[in-house]
Amino acid sequence: MRRILSATLLASVSACQSYVAVPVSPVTLVAVAQRNKVLVATKADILLVVDDSTSMSGKQERLAAALADFTAELDALRPPVDYQVAVTTTTVAERLGACGPAGNANAADQCDSDWQAAGFTCDIGLACFRTFAEAGQFNGAPPILQRSTVSAAQFSQDLAASVEVGTAGSRQPQGMEAMKLALGDNSTFLRDGAKVVVAFFTDAEDCSDPNHRLSMLVKDNTTGNIVDKCAQEAAPGFTGTPSLEPVANYANFLRSLKNLDGSSKEVEVGAVVSLTDGTGDPGLCDNPACDAQCDSQAEADACNTRCQGSPTLAICVSDCVSECHSFCGGQVPGHRYLELAFAFSGLTANVCSDDAGPALQQLSEVIGIPKSVTLRATPSPAALLVVRVERGTQDILCNEGDGYTIVTTDQGPAVQFAGPCLLQPNDTFDIRYLTGR
């Protein structure tokens with residue numbers, strides 16, 4: 001049986017970072033290959049795409065608090081990297097509910113009333129639609145932060161201010177379309193020969209729909225509840241006609257970015273999204289420390305102060321505490337963001353983590369030389385995990401203990417390289433295993 005399993009595993013390497021269902025008696029296992037080349041850049045252009053919808057308040061603060069260490073980690077990369085960072089939001093447009101007739105001023109007014117915002121029109125598809133002038137623009141002053149021009153402390157401070165983008169943006173984040181607008185319309189950000197690093201920081205699903213095909217949120221006429229159509233379409237098992245822009249189109253956009261000599265840019269993608277606690281799987285997550293803080297006396301005092309003068313003080317305070325809890329956890333699993341990250345063998349991390357530092361540390365490592373690789377699933381059986389490093393003409397089989405160790409992270413197990421398998425520039429790591437998922 002071991003020979004059969006090993007042969008099946010070795011046959012699966014044809015698709016980098018792929019999941020291939022392989023029938024293995026007595027249960028069906030999945031063969032996984034994670035493979036990538038270590039390409040070390042001397043320049044890096046880093047785009048942070050930060051969700052600015054209502055639920056992101058506390059999460060932006062956690063991201064900002066971790067940026068001093070992020071700067072130090074980037075400064076410590078060897079060889080040194082000349083890096084710059086820009087921040088954009090996930091706000092592009094909103095297309096909500098239904099209306100009619102198209103173009104009618106009364107219909108537009110009804111859209112404003114129904115969705116409690118100004119600026120809607122009733123479009124030709126009979127949906128309430130509005131755009132945002134800041135779509136794809138860089139947030140902060142200056143809009144492009146160049147580490148080489150300021151001190152580490154000033155850079156961290158400016159970047160922290162840039163990532164706290166507020167929570168008044170689109171109710172349906174379109175991170176991928178915002179990324180495309182930012183990199184396409186602000187081409188001066190992309191320097192010749194620089195590695196492009198894109199990191200999404202969001203607790204929602206990507207709802208990119210540049211062709212305005214989908215009513216992102218709709219109201220159930222029977223219950224009055226709001227239905228998230230983006231989350232429904234992005235979830236596994238969706239059988240309807242897709243309306244969202246395919247993730248592959250955004251992957252192809254990133255792959256189309258070129259240097260002046262016509263060569264393709266090196267691209268890294270990270271997704272800090274809502275993951276099932278303790279795993280790398282998309283799902284709803286929670287933050288116990290944040291929830292405890294919401295139930296603390298300090299938060300109660302803050303809510304009491306905020307609600308002073310309210311005719312219904314108790315209700316106001318209760319709503320204030322509930323609002324605090326709503327900021328703690330993930331709102332919608334980020335299936336589409338993970339799909340894009342996996343297309344580039346990228347990193348994933350949990351947006352609900354009380355400390356954004358580990359996620360940013362992973363991001364700094366992919367700009368330089370990775371020390372570890374998070375596995376997409378738990379190897380089962382563990383004995384069949386195969387770790388190799390291709391170095392020039394050498395093919396190094398890494399042994400557990402002296403070539404690598406398995407470590408536990410918030411996103412599940414990871415291979416941490418050691419000894420002769422510590423990665424070097426231009427190495428290719430090749431990790432293969434079976435999983436019961």
# chains A, B, ... in the order shown; residues from 1 in each chain; ligands from 1

$ closest_atom_pairs --of "stretch 323-398 of chain A" --to "stretch 51-65 of chain A" --cutoff "8 Å" --atoms "only C-alpha atoms" --output "Markdown table"
| residue | atom | partner | partner_atom | distance |
| --- | --- | --- | --- | --- |
| A:Ser326 | CA | A:Ser55 | CA | 6.4 |
| A:Phe327 | CA | A:Ser55 | CA | 4.8 |
| A:Cys328 | CA | A:Gly58 | CA | 7.1 |
| A:Gln331 | CA | A:Ser55 | CA | 7.6 |
| A:Val351 | CA | A:Lys59 | CA | 7.2 |
| A:Cys352 | CA | A:Lys59 | CA | 7.4 |
| A:Asp354 | CA | A:Arg62 | CA | 7.1 |
| A:Asp355 | CA | A:Arg62 | CA | 6.3 |
| A:Ala356 | CA | A:Leu63 | CA | 5.4 |
| A:Gly357 | CA | A:Leu63 | CA | 7.7 |

$ select_by_dssp --residues "stretch 221-427 of chain A" --states "strand (DSSP E)" --output "PyMOL selection string"
chain A and resi 226-228+267-273+347-350+372-374+386-391+394-398+404-409+412-417

$ residues_around --residues "A:Ala133" --least-positions-apart "4" --cutoff "10 Å" --atoms "only C-alpha atoms" --output "PyMOL selection string"
chain A and resi 91-93+137

$ residues_around --residues "A:Val38" --least-positions-apart "4" --cutoff "10 Å" --atoms "only C-alpha atoms" --output "list of chain:residue names"
A:Val366, A:Ile367, A:Gly368, A:Ile369, A:Pro370, A:Leu423, A:Gln424, A:Pro425, A:Asn426, A:Asp427, A:Thr428, A:Phe429

$ select_by_dssp --residues "stretch 149-317 of chain A" --states "helix (DSSP H, G or I)" --output "PyMOL selection string"
chain A and resi 149+152-163+175-185+187-189+229-234+247-255+288-294+297-306+313-317

$ closest_residue --among "A:Ala105, A:Val85, A:Ala271, A:Cys230" --to "A:Leu67" --atoms "only C-alpha atoms"
A:Val85

$ atom_distance --atom1 "atom CA of A:Cys316" --atom2 "atom CA of A:Cys294"
14.6 Å

$ atom_distance --atom1 "atom CA of A:Ala107" --atom2 "atom CA of A:Asn221"
17.5 Å

$ atom_distance --atom1 "atom CA of A:Pro381" --atom2 "atom CA of A:Leu434"
6.8 Å

$ residues_around --residues "A:Val197" --least-positions-apart "6" --cutoff "9 Å" --atoms "only C-alpha atoms" --output "number ranges by chain"
A: 44-48, 266-270, 363, 366-367

$ residues_around --residues "A:Val415" --least-positions-apart "6" --cutoff "8 Å" --atoms "only C-alpha atoms" --output "MDAnalysis selection string"
chainID A and resid 372:375 404:407

$ closest_residue --among "A:Glu365, A:Asp281, A:Asp123, A:Asp69" --to "A:Ala153" --atoms "only C-alpha atoms"
A:Asp69

$ closest_residue --among "A:Pro288, A:Gly403, A:Gly346, A:Gly329" --to "A:Leu422" --atoms "only C-alpha atoms"
A:Gly403

$ residues_around --residues "stretch 332-336 of chain A" --least-positions-apart "2" --cutoff "9 Å" --atoms "only C-alpha atoms" --output "ChimeraX atom specification"
/A:202-207,231,234-236,246-247,271-276,281-285,330,338-341
